[in-house]
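Enquirer: So here's entry_31.tsv, just TSV, C-alpha atoms:
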chain	number	residue	atom	x	y	z
A	1	VAL	CA	-74.36	-39.52	76.08
A	2	ALA	CA	-73.23	-36.46	74.13
A	3	GLY	CA	-76.40	-34.43	74.67
A	4	ARG	CA	-79.41	-34.94	76.93
A	5	THR	CA	-82.86	-33.74	75.95
A	6	ASP	CA	-86.07	-33.03	77.85
A	7	LYS	CA	-88.81	-35.66	77.88
A	8	GLY	CA	-90.77	-35.48	74.63
A	9	VAL	CA	-88.02	-33.76	72.63
A	10	HIS	CA	-87.01	-35.42	69.35
A	11	ALA	CA	-83.37	-36.20	68.56
A	12	LEU	CA	-82.14	-36.66	64.99
A	13	ASN	CA	-78.43	-36.69	65.81
A	14	GLN	CA	-77.28	-38.16	69.12
A	15	TRP	CA	-74.10	-39.90	70.25
A	16	CYS	CA	-73.52	-42.31	73.11
A	17	ALA	CA	-70.55	-44.42	74.21
A	18	LEU	CA	-70.72	-47.89	75.74
A	19	ARG	CA	-68.38	-50.78	76.43
A	20	VAL	CA	-68.73	-53.90	74.27
A	21	PRO	CA	-66.80	-57.21	74.18
A	22	LYS	CA	-63.55	-57.09	72.26
A	23	GLY	CA	-63.82	-58.37	68.67
A	24	ILE	CA	-67.58	-57.83	68.41
A	25	ASP	CA	-69.04	-57.49	64.89
A	26	LEU	CA	-70.30	-53.89	64.93
A	27	GLY	CA	-72.52	-54.35	61.87
A	28	CYS	CA	-74.34	-57.28	63.44
A	29	PHE	CA	-74.49	-55.49	66.80
A	30	GLN	CA	-76.05	-52.40	65.21
A	31	GLN	CA	-78.63	-54.47	63.35
A	32	GLN	CA	-79.70	-56.40	66.45
A	33	ILE	CA	-79.99	-53.25	68.58
A	34	ASN	CA	-82.09	-51.54	65.92
A	35	GLN	CA	-84.49	-54.50	65.87
A	36	LEU	CA	-85.08	-53.97	69.59
A	37	LEU	CA	-85.52	-50.21	69.21
A	38	VAL	CA	-87.79	-50.08	66.18
A	39	LYS	CA	-91.01	-49.72	68.20
A	40	LYS	CA	-89.52	-46.81	70.14
A	41	HIS	CA	-88.74	-44.83	66.95
A	42	ILE	CA	-85.02	-44.97	67.69
A	43	ALA	CA	-82.33	-46.17	65.29
A	44	ILE	CA	-78.53	-46.41	65.34
A	45	LYS	CA	-77.25	-44.88	62.12
A	46	THR	CA	-73.56	-45.63	62.59
A	47	ALA	CA	-71.32	-47.51	65.02
A	48	ALA	CA	-67.54	-47.34	65.36
A	49	PHE	CA	-64.80	-48.16	67.84
A	50	CYS	CA	-63.52	-45.10	69.66
A	51	PRO	CA	-60.52	-44.97	72.03
A	52	ASP	CA	-61.95	-42.06	74.01
A	53	LYS	CA	-64.51	-42.87	76.70
A	54	LYS	CA	-65.94	-39.35	76.79
A	55	PHE	CA	-67.18	-37.00	74.11
A	56	LYS	CA	-65.96	-33.45	73.75
A	57	VAL	CA	-68.94	-31.61	72.31
A	58	LEU	CA	-67.95	-28.44	70.46
A	59	LYS	CA	-71.38	-27.26	69.40
A	60	LYS	CA	-75.04	-28.29	69.25
A	61	ARG	CA	-77.90	-27.31	66.97
A	62	TYR	CA	-81.56	-27.37	67.96
A	63	LYS	CA	-84.54	-26.69	65.72
A	64	TYR	CA	-88.06	-25.79	66.77
A	65	ILE	CA	-90.99	-26.18	64.34
A	66	VAL	CA	-94.05	-23.94	64.46
A	67	GLN	CA	-97.15	-24.83	62.38
A	68	ILE	CA	-99.20	-21.77	61.30
A	69	PRO	CA	-102.42	-21.61	59.23
A	70	LYS	CA	-102.17	-19.37	56.16
A	71	SER	CA	-105.81	-18.33	56.36
A	72	LYS	CA	-108.04	-17.30	59.25
A	73	ASP	CA	-110.70	-19.51	57.70
A	74	ASN	CA	-108.50	-22.59	58.15
A	75	LYS	CA	-107.49	-22.83	61.78
A	76	ARG	CA	-107.35	-26.61	62.00
A	77	PRO	CA	-103.89	-28.07	62.59
A	78	ILE	CA	-102.60	-31.00	60.57
A	79	GLN	CA	-103.44	-33.78	63.01
A	80	SER	CA	-100.75	-36.18	61.78
A	81	LEU	CA	-98.10	-33.58	62.66
A	82	GLN	CA	-99.46	-32.59	66.08
A	83	ALA	CA	-96.79	-34.67	67.81
A	84	TYR	CA	-94.00	-33.10	65.75
A	85	SER	CA	-94.65	-29.34	65.85
A	86	ARG	CA	-96.27	-26.55	67.83
A	87	TYR	CA	-99.51	-25.26	66.32
A	88	GLU	CA	-100.00	-21.49	66.60
A	89	SER	CA	-103.30	-20.01	65.40
A	90	ARG	CA	-102.54	-16.43	66.48
A	91	SER	CA	-100.88	-14.07	64.00
A	92	LEU	CA	-97.09	-13.92	64.16
A	93	SER	CA	-94.55	-11.42	62.82
A	94	LEU	CA	-91.48	-13.00	61.26
A	95	ASP	CA	-89.51	-9.74	61.63
A	96	ARG	CA	-90.38	-9.35	65.32
A	97	LEU	CA	-89.47	-12.98	65.95
A	98	GLN	CA	-86.05	-12.55	64.32
A	99	CYS	CA	-85.52	-9.31	66.26
A	100	ALA	CA	-86.12	-11.19	69.52
A	101	LEU	CA	-83.73	-13.97	68.50
A	102	ASN	CA	-80.98	-11.44	67.73
A	103	PHE	CA	-80.90	-10.42	71.40
A	104	LEU	CA	-80.02	-14.02	72.35
A	105	VAL	CA	-76.88	-14.30	70.22
A	106	GLY	CA	-73.58	-14.04	72.11
A	107	THR	CA	-72.24	-15.09	75.50
A	108	HIS	CA	-74.76	-14.56	78.29
A	109	ASP	CA	-75.84	-15.92	81.66
A	110	PHE	CA	-79.00	-17.87	80.79
A	111	ARG	CA	-79.93	-18.92	84.33
A	112	HIS	CA	-83.31	-17.15	84.08
A	113	PHE	CA	-84.14	-19.12	80.93
A	114	SER	CA	-83.53	-22.41	82.69
A	115	LYS	CA	-85.79	-24.63	84.75
A	116	LYS	CA	-83.61	-24.42	87.82
A	117	LYS	CA	-82.02	-27.49	89.25
A	118	LYS	CA	-80.04	-27.80	92.48
A	119	GLY	CA	-76.33	-27.73	91.81
A	120	ALA	CA	-76.83	-26.80	88.16
A	121	GLY	CA	-73.38	-25.21	88.10
A	122	GLN	CA	-72.19	-22.85	85.37
A	123	THR	CA	-75.06	-21.08	83.61
A	124	VAL	CA	-73.10	-19.00	81.08
A	125	ARG	CA	-73.52	-20.22	77.50
A	126	THR	CA	-72.61	-18.91	74.04
A	127	ILE	CA	-75.16	-18.87	71.24
A	128	TYR	CA	-73.55	-18.58	67.81
A	129	LYS	CA	-76.74	-18.49	65.78
A	130	ALA	CA	-80.43	-17.81	66.42
A	131	SER	CA	-82.61	-17.54	63.33
A	132	VAL	CA	-86.04	-18.27	61.89
A	133	ILE	CA	-86.96	-19.15	58.30
A	134	PRO	CA	-90.23	-20.31	56.72
A	135	ALA	CA	-89.95	-23.76	55.17
A	136	SER	CA	-90.22	-23.55	51.38
A	137	ARG	CA	-90.61	-27.32	50.85
A	138	ALA	CA	-92.17	-30.03	52.99
A	139	ASP	CA	-89.01	-32.14	52.92
A	140	GLU	CA	-87.10	-29.36	54.71
A	141	LEU	CA	-88.99	-30.29	57.86
A	142	PRO	CA	-87.46	-32.86	60.24
A	143	HIS	CA	-90.79	-34.72	60.56
A	144	PHE	CA	-89.85	-36.69	57.46
A	145	GLU	CA	-86.81	-38.19	59.18
A	146	LEU	CA	-88.91	-39.33	62.14
A	147	LEU	CA	-91.93	-40.78	60.39
A	148	ASN	CA	-91.70	-44.13	58.62
A	149	ASP	CA	-94.52	-43.05	56.30
A	150	PRO	CA	-94.42	-39.25	55.81
A	151	PRO	CA	-97.94	-37.83	55.49
A	152	LEU	CA	-98.54	-37.16	51.80
A	153	SER	CA	-102.05	-35.77	52.25
A	154	TRP	CA	-100.83	-32.29	53.05
A	155	THR	CA	-98.71	-29.60	51.42
A	156	LEU	CA	-97.52	-26.14	52.37
A	157	ASN	CA	-100.53	-24.61	50.57
A	158	CYS	CA	-102.70	-24.34	53.68
A	159	HIS	CA	-100.09	-24.11	56.43
A	160	ASP	CA	-96.77	-22.37	56.94
A	161	PHE	CA	-94.02	-24.03	58.95
A	162	TRP	CA	-91.41	-21.80	60.57
A	163	ILE	CA	-88.07	-23.34	61.55
A	164	ILE	CA	-86.40	-21.66	64.53
A	165	THR	CA	-82.72	-22.64	64.78
A	166	PHE	CA	-80.25	-22.28	67.64
A	167	GLU	CA	-76.56	-23.18	67.53
A	168	GLY	CA	-74.47	-22.91	70.69
A	169	ASN	CA	-71.73	-24.45	72.79
A	170	GLY	CA	-74.33	-25.84	75.18
A	171	PHE	CA	-77.83	-25.30	76.54
A	172	LEU	CA	-79.37	-25.41	80.01
A	173	TRP	CA	-82.38	-27.48	81.04
A	174	HIS	CA	-85.47	-26.06	79.22
A	175	GLN	CA	-83.39	-23.13	77.89
A	176	VAL	CA	-84.26	-23.59	74.22
A	177	ARG	CA	-87.97	-24.11	74.89
A	178	ARG	CA	-88.14	-20.99	77.06
A	179	MET	CA	-86.25	-18.90	74.51
A	180	VAL	CA	-88.77	-20.05	71.90
A	181	SER	CA	-91.70	-19.23	74.17
A	182	LEU	CA	-90.42	-15.71	74.84
A	183	ALA	CA	-89.62	-15.09	71.16
A	184	LEU	CA	-93.13	-16.19	70.12
A	185	ASN	CA	-94.70	-13.83	72.67
A	186	ILE	CA	-92.64	-11.00	71.17
A	187	SER	CA	-93.62	-12.09	67.66
A	188	GLN	CA	-97.29	-11.84	68.67
A	189	ASP	CA	-96.63	-8.31	70.00
A	190	ARG	CA	-97.65	-9.41	73.48
A	191	TRP	CA	-94.19	-8.56	74.88
A	192	PRO	CA	-91.68	-5.90	73.72
A	193	ALA	CA	-88.43	-7.06	72.11
A	194	GLU	CA	-86.46	-5.49	74.98
A	195	SER	CA	-88.01	-8.02	77.37
A	196	VAL	CA	-85.27	-10.49	76.31
A	197	LYS	CA	-82.71	-8.37	78.17
A	198	GLU	CA	-85.08	-7.93	81.11
A	199	VAL	CA	-85.45	-11.72	81.47
A	200	MET	CA	-81.67	-12.16	81.28
A	201	GLU	CA	-81.20	-9.64	84.07
A	202	GLY	CA	-83.91	-11.23	86.22
A	203	LEU	CA	-86.18	-8.18	85.98
A	204	ARG	CA	-88.95	-10.14	84.29
A	205	VAL	CA	-90.10	-13.74	84.62
A	206	CYS	CA	-89.69	-15.80	81.44
A	207	PRO	CA	-92.84	-17.43	80.00
A	208	THR	CA	-93.31	-21.14	80.58
A	209	SER	CA	-91.49	-23.55	78.27
A	210	ALA	CA	-92.81	-24.12	74.76
A	211	PRO	CA	-94.15	-27.69	74.21
A	212	ALA	CA	-91.44	-30.32	73.84
A	213	ARG	CA	-93.05	-31.87	70.75
A	214	GLY	CA	-91.82	-29.07	68.47
A	215	LEU	CA	-88.16	-29.32	69.48
A	216	TYR	CA	-85.44	-31.35	67.74
A	217	LEU	CA	-81.83	-31.97	68.67
A	218	ASP	CA	-80.67	-31.64	65.07
A	219	HIS	CA	-76.87	-31.95	65.16
A	220	ILE	CA	-73.92	-32.37	67.54
A	221	TRP	CA	-70.42	-31.33	66.52
A	222	LEU	CA	-67.68	-33.53	67.98
A	223	ASN	CA	-64.81	-32.25	65.84
A	224	GLU	CA	-63.90	-29.13	63.87
A	225	ASN	CA	-63.97	-30.98	60.54
A	226	ASP	CA	-67.69	-31.67	60.88
A	227	THR	CA	-69.52	-29.50	58.32
A	228	GLY	CA	-72.91	-30.05	60.00
Show me, as structure tokens, the structure contained in the file I just sent.
Expert:
Amino acid sequence: VAGRTDKGVHALNQWCALRVPKGIDLGCFQQQINQLLVKKHIAIKTAAFCPDKKFKVLKKRYKYIVQIPKSKDNKRPIQSLQAYSRYESRSLSLDRLQCALNFLVGTHDFRHFSKKKKGAGQTVRTIYKASVIPASRADELPHFELLNDPPLSWTLNCHDFWIITFEGNGFLWHQVRRMVSLALNISQDRWPAESVKEVMEGLRVCPTSAPARGLYLDHIWLNENDTG
């Protein structure tokens, strides 16, 4: 498998390698596997023979979706999207959130952002991009790729959806969800922006991981020609 995810995290772009009998019809194989996986909301988009048994992952992209009411009078989340985003009723600052994310870009030791595991090994990772943008159209949200019947009863008139994006050469266990949790605390002005550095240095304990339901493994780069 090219990239593991925590339980409950969605994956829109995943790669795995397996051995199959020589001469197998890949089209028929893909169709039969998808019939078995349909109830689990998993589908094989493409299948090809590959001489290499292992993947060399160059980069990964994760996205985290936050659902925010536009009005204090409307604090009810969109129920059909509860399993696909984090609902946040408290006021957030987009500028403070981006400021927090800027501290995460670069090569750092992220051990204090990880849910520690025995023998976890190297904890230094490089983040190439950390950004947040409000969705301007509903179809910009990854929910539509996961749902067979996208909910048409809602628009962006009553709720904002912020898309937090991370691109890096790799991520530790729970790292993305804890970076999101810390950034949201800073966005709410509950923590200062400088607390990102304090968590990195082990001077402050990182908040607990953000819910898995809002996180998506969005893309995996296996070669330099991949435009993402």
Enquirer: Tell me which of A:Ala183, A:Ala193, A:Cys206, A:Leu172 sits closest to A:Thr5, counting all atoms listed in the file.
Expert: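 The answer is A:Leu172, which sits nearest to A:Thr5.
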Enquirer: May I ask for the distance between atom CA of A:Thr126 and atom CA of A:Ala100, given in Å to one decimal place?
Expert: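 Interatomic distance here is 16.2 Å.
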Enquirer: Using only C-alpha atoms, determine which residues lie at most 7 Å from A:Pro134, disregarding the query and same-chain residues fewer than 3 positions distant; provide the list as a PyMOL selection string.
Expert: chain A and resi 160-163
Enquirer: Between A:Ile65, A:Glu167, A:Thr46, A:Pro77, single out the one closest to A:Gln31, counting only C-alpha atoms.
Expert: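 Ranking A:Ile65, A:Glu167, A:Thr46, A:Pro77 by distance to A:Gln31, first place goes to A:Thr46.
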Enquirer: Hey, could you pull the box centre and edge lengths for stretch 6-15 of chain A, axis-aligned, 6 Å padding per side, all listed atoms, to one decimal in Å, as AutoDock Vina command-line options?
Expert:
--center_x -82.4 --center_y -36.5 --center_z 71.4 --size_x 28.7 --size_y 18.9 --size_z 24.9
Enquirer: Quick one: residues within 12 Å of A:Arg111, only C-alpha atoms, excluding same-chain residues fewer than 3 positions away - as a ChimeraX atom specification?
Expert: /A:108,114-117,120-125,171-176,178-179,199-202,205-206
Enquirer: Which residue out of A:Val66, A:Val105, A:Ala48, A:Leu94 has the minimum interatomic distance to A:Lys197 when only C-alpha atoms are used?
Expert: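 For A:Lys197, the nearest of the candidates is A:Val105.
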Enquirer: With all atoms listed in the file as the basis for distance, which of A:Val9, A:Val196, A:Ile78, A:Ile68 is at the shortest distance from A:Leu217?
Expert: A:Val9
Enquirer: Pick out the closest residue to A:Lys56 from this set: A:Ile220, A:Leu18, A:Ala130, A:Ile44. Count only C-alpha atoms.
Expert: A:Ile220
Enquirer: Smallest atom-to-atom distance to A:Leu215: which of A:Leu104, A:Ile164, A:Ile24, A:Ala135, using only C-alpha atoms?
Expert: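 With only C-alpha atoms as the atom set, the closest residue is A:Ile164.
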Enquirer: How far is it from atom CA of A:Gly168 to atom CA of A:Tyr128, in Å with one decimal?
Expert: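 According to the coordinates, atom CA of A:Gly168 and atom CA of A:Tyr128 are separated by 5.3 Å.
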Enquirer: So how many Å separate atom CA of A:Leu141 and atom CA of A:Gln79, to one decimal?
Expert: 15.7 Å
Enquirer: Some atoms are absent from stretch 62-87 of chain A, so rebuild N, CA, C and O atoms and return them as a PDB file, in the coordinates of the input.
Expert:
ATOM      1  N   TYR A  62     -80.162 -27.006  67.718  1.00  0.00           N
ATOM      2  CA  TYR A  62     -81.560 -27.370  67.960  1.00  0.00           C
ATOM      3  C   TYR A  62     -82.448 -26.647  66.949  1.00  0.00           C
ATOM      4  O   TYR A  62     -82.162 -25.514  66.550  1.00  0.00           O
ATOM      5  N   LYS A  63     -83.540 -27.314  66.575  1.00  0.00           N
ATOM      6  CA  LYS A  63     -84.540 -26.690  65.720  1.00  0.00           C
ATOM      7  C   LYS A  63     -85.912 -26.818  66.375  1.00  0.00           C
ATOM      8  O   LYS A  63     -86.214 -27.848  66.971  1.00  0.00           O
ATOM      9  N   TYR A  64     -86.702 -25.759  66.235  1.00  0.00           N
ATOM     10  CA  TYR A  64     -88.060 -25.790  66.770  1.00  0.00           C
ATOM     11  C   TYR A  64     -89.019 -25.477  65.610  1.00  0.00           C
ATOM     12  O   TYR A  64     -88.833 -24.503  64.874  1.00  0.00           O
ATOM     13  N   ILE A  65     -90.061 -26.303  65.457  1.00  0.00           N
ATOM     14  CA  ILE A  65     -90.990 -26.180  64.340  1.00  0.00           C
ATOM     15  C   ILE A  65     -92.340 -25.636  64.813  1.00  0.00           C
ATOM     16  O   ILE A  65     -92.950 -26.190  65.729  1.00  0.00           O
ATOM     17  N   VAL A  66     -92.755 -24.565  64.158  1.00  0.00           N
ATOM     18  CA  VAL A  66     -94.050 -23.940  64.460  1.00  0.00           C
ATOM     19  C   VAL A  66     -94.957 -24.089  63.241  1.00  0.00           C
ATOM     20  O   VAL A  66     -94.579 -23.733  62.120  1.00  0.00           O
ATOM     21  N   GLN A  67     -96.157 -24.621  63.447  1.00  0.00           N
ATOM     22  CA  GLN A  67     -97.150 -24.830  62.380  1.00  0.00           C
ATOM     23  C   GLN A  67     -98.173 -23.686  62.446  1.00  0.00           C
ATOM     24  O   GLN A  67     -98.772 -23.436  63.508  1.00  0.00           O
ATOM     25  N   ILE A  68     -98.354 -22.972  61.321  1.00  0.00           N
ATOM     26  CA  ILE A  68     -99.200 -21.770  61.300  1.00  0.00           C
ATOM     27  C   ILE A  68    -100.168 -21.846  60.118  1.00  0.00           C
ATOM     28  O   ILE A  68     -99.751 -22.092  58.987  1.00  0.00           O
ATOM     29  N   PRO A  69    -101.464 -21.623  60.346  1.00  0.00           N
ATOM     30  CA  PRO A  69    -102.420 -21.610  59.230  1.00  0.00           C
ATOM     31  C   PRO A  69    -102.218 -20.363  58.371  1.00  0.00           C
ATOM     32  O   PRO A  69    -101.947 -19.283  58.897  1.00  0.00           O
ATOM     33  N   LYS A  70    -102.338 -20.514  57.063  1.00  0.00           N
ATOM     34  CA  LYS A  70    -102.170 -19.370  56.160  1.00  0.00           C
ATOM     35  C   LYS A  70    -103.413 -18.489  56.116  1.00  0.00           C
ATOM     36  O   LYS A  70    -103.335 -17.309  55.783  1.00  0.00           O
ATOM     37  N   SER A  71    -104.557 -19.070  56.433  1.00  0.00           N
ATOM     38  CA  SER A  71    -105.810 -18.330  56.360  1.00  0.00           C
ATOM     39  C   SER A  71    -106.551 -18.396  57.691  1.00  0.00           C
ATOM     40  O   SER A  71    -106.503 -19.413  58.381  1.00  0.00           O
ATOM     41  N   LYS A  72    -107.237 -17.310  58.030  1.00  0.00           N
ATOM     42  CA  LYS A  72    -108.040 -17.300  59.250  1.00  0.00           C
ATOM     43  C   LYS A  72    -109.222 -18.253  59.148  1.00  0.00           C
ATOM     44  O   LYS A  72    -109.801 -18.655  60.157  1.00  0.00           O
ATOM     45  N   ASP A  73    -109.582 -18.594  57.916  1.00  0.00           N
ATOM     46  CA  ASP A  73    -110.700 -19.510  57.700  1.00  0.00           C
ATOM     47  C   ASP A  73    -110.292 -20.973  57.906  1.00  0.00           C
ATOM     48  O   ASP A  73    -111.152 -21.852  57.959  1.00  0.00           O
ATOM     49  N   ASN A  74    -108.984 -21.213  57.993  1.00  0.00           N
ATOM     50  CA  ASN A  74    -108.500 -22.590  58.150  1.00  0.00           C
ATOM     51  C   ASN A  74    -107.607 -22.667  59.385  1.00  0.00           C
ATOM     52  O   ASN A  74    -106.390 -22.543  59.297  1.00  0.00           O
ATOM     53  N   LYS A  75    -108.235 -22.824  60.522  1.00  0.00           N
ATOM     54  CA  LYS A  75    -107.490 -22.830  61.780  1.00  0.00           C
ATOM     55  C   LYS A  75    -107.357 -24.230  62.366  1.00  0.00           C
ATOM     56  O   LYS A  75    -107.118 -24.399  63.558  1.00  0.00           O
ATOM     57  N   ARG A  76    -107.489 -25.231  61.527  1.00  0.00           N
ATOM     58  CA  ARG A  76    -107.350 -26.610  62.000  1.00  0.00           C
ATOM     59  C   ARG A  76    -105.933 -27.089  61.753  1.00  0.00           C
ATOM     60  O   ARG A  76    -105.439 -27.026  60.623  1.00  0.00           O
ATOM     61  N   PRO A  77    -105.258 -27.563  62.785  1.00  0.00           N
ATOM     62  CA  PRO A  77    -103.890 -28.070  62.590  1.00  0.00           C
ATOM     63  C   PRO A  77    -103.895 -29.383  61.823  1.00  0.00           C
ATOM     64  O   PRO A  77    -104.905 -30.078  61.762  1.00  0.00           O
ATOM     65  N   ILE A  78    -102.765 -29.710  61.229  1.00  0.00           N
ATOM     66  CA  ILE A  78    -102.600 -31.000  60.570  1.00  0.00           C
ATOM     67  C   ILE A  78    -102.416 -32.041  61.655  1.00  0.00           C
ATOM     68  O   ILE A  78    -101.388 -32.069  62.337  1.00  0.00           O
ATOM     69  N   GLN A  79    -103.417 -32.865  61.868  1.00  0.00           N
ATOM     70  CA  GLN A  79    -103.440 -33.780  63.010  1.00  0.00           C
ATOM     71  C   GLN A  79    -102.247 -34.738  63.008  1.00  0.00           C
ATOM     72  O   GLN A  79    -101.681 -35.046  64.065  1.00  0.00           O
ATOM     73  N   SER A  80    -101.842 -35.210  61.833  1.00  0.00           N
ATOM     74  CA  SER A  80    -100.750 -36.180  61.780  1.00  0.00           C
ATOM     75  C   SER A  80     -99.414 -35.580  62.197  1.00  0.00           C
ATOM     76  O   SER A  80     -98.460 -36.307  62.465  1.00  0.00           O
ATOM     77  N   LEU A  81     -99.351 -34.243  62.275  1.00  0.00           N
ATOM     78  CA  LEU A  81     -98.100 -33.580  62.660  1.00  0.00           C
ATOM     79  C   LEU A  81     -98.198 -32.922  64.034  1.00  0.00           C
ATOM     80  O   LEU A  81     -97.290 -32.196  64.427  1.00  0.00           O
ATOM     81  N   GLN A  82     -99.278 -33.186  64.767  1.00  0.00           N
ATOM     82  CA  GLN A  82     -99.460 -32.590  66.080  1.00  0.00           C
ATOM     83  C   GLN A  82     -98.352 -32.981  67.059  1.00  0.00           C
ATOM     84  O   GLN A  82     -97.988 -32.221  67.938  1.00  0.00           O
ATOM     85  N   ALA A  83     -97.830 -34.199  66.895  1.00  0.00           N
ATOM     86  CA  ALA A  83     -96.790 -34.670  67.810  1.00  0.00           C
ATOM     87  C   ALA A  83     -95.398 -34.215  67.391  1.00  0.00           C
ATOM     88  O   ALA A  83     -94.416 -34.508  68.078  1.00  0.00           O
ATOM     89  N   TYR A  84     -95.316 -33.466  66.289  1.00  0.00           N
ATOM     90  CA  TYR A  84     -94.000 -33.100  65.750  1.00  0.00           C
ATOM     91  C   TYR A  84     -93.825 -31.603  65.542  1.00  0.00           C
ATOM     92  O   TYR A  84     -92.839 -31.179  64.949  1.00  0.00           O
ATOM     93  N   SER A  85     -94.774 -30.792  66.014  1.00  0.00           N
ATOM     94  CA  SER A  85     -94.650 -29.340  65.850  1.00  0.00           C
ATOM     95  C   SER A  85     -95.586 -28.652  66.834  1.00  0.00           C
ATOM     96  O   SER A  85     -96.481 -29.273  67.401  1.00  0.00           O
ATOM     97  N   ARG A  86     -95.356 -27.347  67.022  1.00  0.00           N
ATOM     98  CA  ARG A  86     -96.270 -26.550  67.830  1.00  0.00           C
ATOM     99  C   ARG A  86     -97.226 -25.823  66.888  1.00  0.00           C
ATOM    100  O   ARG A  86     -96.791 -25.164  65.934  1.00  0.00           O
ATOM    101  N   TYR A  87     -98.516 -25.952  67.137  1.00  0.00           N
ATOM    102  CA  TYR A  87     -99.510 -25.260  66.320  1.00  0.00           C
ATOM    103  C   TYR A  87     -99.796 -23.901  66.936  1.00  0.00           C
ATOM    104  O   TYR A  87    -100.045 -23.796  68.139  1.00  0.00           O
TER     105      TYR A  87
END
